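Right, one structure below, let's go through it.
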Amino acid sequence: MSGLRGRGVLLALCLLAAGASPVGAVGEASAVRVEISHFTFAPGTLTVRPGTRVTWINRDDEPHIVVSAGGQFPSSKALDTGDSYATVFDKPGTYAYFCSIHPHMVGTVIVR
Ligand SMILES: [Cu+2]
């Protein structure tokens, strides 16, 4: 997969040229956190690169369950306070999700 590696180097060079910290940029691209608090997913809409690991962490005193609206990724277990759930988004697309306990809680992960 030298082609993929080459693209990664190119991306890093572009980020350097833009004055971004390469370490911070790579961290942001590969792992992102969604905080669940006050019955809200924050950020509600998240845009990430393919291959990004997204972690939801519950800051509420109520349990929440992260469920893909289209069954596109596995559901979490019931997350108690401080519990987290992570999944990796490999393919570009729009992934709507909600909390199955509180269906008015919705969020979206956009992978591109
Ligand atoms: Cu909930």
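Each chain in the structure tokens gets a letter, A, B, ..., in the order shown, and its residues are numbered from 1; ligands are numbered from 1 in order too.
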
For this session: Name all residues at most 12 Å from Lys91 in chain A (count only C-alpha atoms; drop same-chain ones fewer than 5 positions away) and give them as a ChimeraX atom specification.
Result: /A:48-53,72-73,109-112

Write a file of the selected residues as a PDB file, in the first residue's frame, keeping C-alpha atoms.
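Output file part_13.pdb follows:
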```pdb
ATOM      1  CA  VAL A  48     -13.950  12.916   9.972  1.00  0.00           C
ATOM      2  CA  ARG A  49     -11.532  11.221   7.603  1.00  0.00           C
ATOM      3  CA  PRO A  50     -11.975   7.558   6.682  1.00  0.00           C
ATOM      4  CA  GLY A  51     -10.335   5.339   9.285  1.00  0.00           C
ATOM      5  CA  THR A  52     -11.152   7.630  12.194  1.00  0.00           C
ATOM      6  CA  ARG A  53     -11.995   6.053  15.524  1.00  0.00           C
ATOM      7  CA  GLN A  72     -24.391   0.899   9.549  1.00  0.00           C
ATOM      8  CA  PHE A  73     -22.289   0.324  12.651  1.00  0.00           C
ATOM      9  CA  VAL A 109     -20.984  11.310  11.648  1.00  0.00           C
ATOM     10  CA  ILE A 110     -19.905  12.362   8.160  1.00  0.00           C
ATOM     11  CA  VAL A 111     -16.928  10.447   6.770  1.00  0.00           C
ATOM     12  CA  ARG A 112     -15.179  11.924   3.740  1.00  0.00           C
TER      13      ARG A 112
END
```

What's around range 28-42 of chain A at 8 Å? Count only C-alpha atoms, leave out sequence neighbours fewer than 3 positions away in its own chain, and write the answer as a tab-separated table (two decimals) with C-alpha atoms, in the first residue's frame.
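Result went into result37.tsv, see below:
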```tsv
chain	number	residue	atom	x	y	z
A	24	GLY	CA	-2.17	17.50	16.43
A	25	ALA	CA	-3.49	17.11	12.93
A	45	THR	CA	-22.47	16.64	13.52
A	48	VAL	CA	-13.95	12.92	9.97
A	49	ARG	CA	-11.53	11.22	7.60
A	51	GLY	CA	-10.33	5.34	9.29
A	52	THR	CA	-11.15	7.63	12.19
A	53	ARG	CA	-12.00	6.05	15.52
A	54	VAL	CA	-14.93	7.87	17.14
A	55	THR	CA	-15.45	7.51	20.88
A	56	TRP	CA	-18.67	8.49	22.66
A	57	ILE	CA	-18.41	9.11	26.38
A	58	ASN	CA	-21.41	9.56	28.66
A	59	ARG	CA	-21.17	12.55	31.02
A	60	ASP	CA	-24.82	12.31	32.10
A	102	HIS	CA	-34.09	8.84	24.30
A	105	MET	CA	-31.16	12.51	20.93
A	106	VAL	CA	-29.68	12.40	17.45
A	107	GLY	CA	-26.30	12.93	15.86
```

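Between CA of Pro63 in chain A and CA of Thr94 in chain A there is a distance of 25.1 Å.
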
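With only C-alpha atoms and all ligand atoms as the atoms that count, the minimum distance from ligand 1 to the choices A:Pro43, A:Ala69, A:Phe89, A:Asp80 is reached by A:Asp80.
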
Seminar exercise, completed: Using only C-alpha atoms and all ligand atoms, the residue out of A:Tyr97, A:Lys77, A:Glu62, A:Ser68 with shortest distance to ligand 1 is A:Glu62

Exercise. Counting only C-alpha atoms and all ligand atoms, which of A:His104, A:Pro74, A:His64, A:Gly82 gets nearest to ligand 1?
Worked result: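 Ranking A:His104, A:Pro74, A:His64, A:Gly82 by distance to ligand 1, first place goes to A:His64.
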
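Using only C-alpha atoms and all ligand atoms, the nearest neighbour of ligand 1 within the list A:Thr108, A:Thr81, A:Ser100, A:Ser76 is A:Ser100.
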
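Here the question is which of A:Ser75, A:Ile65, A:Ala86, A:Gly93 gets nearest to ligand 1 using only C-alpha atoms and all ligand atoms, and that residue is A:Ile65.
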
Exercise. For the atom pair CA of Ile101 in chain A and CA of Val88 in chain A, what is the interatomic distance in Å to one decimal place?
Worked result: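 According to the coordinates, CA of Ile101 in chain A and CA of Val88 in chain A are separated by 22.9 Å.
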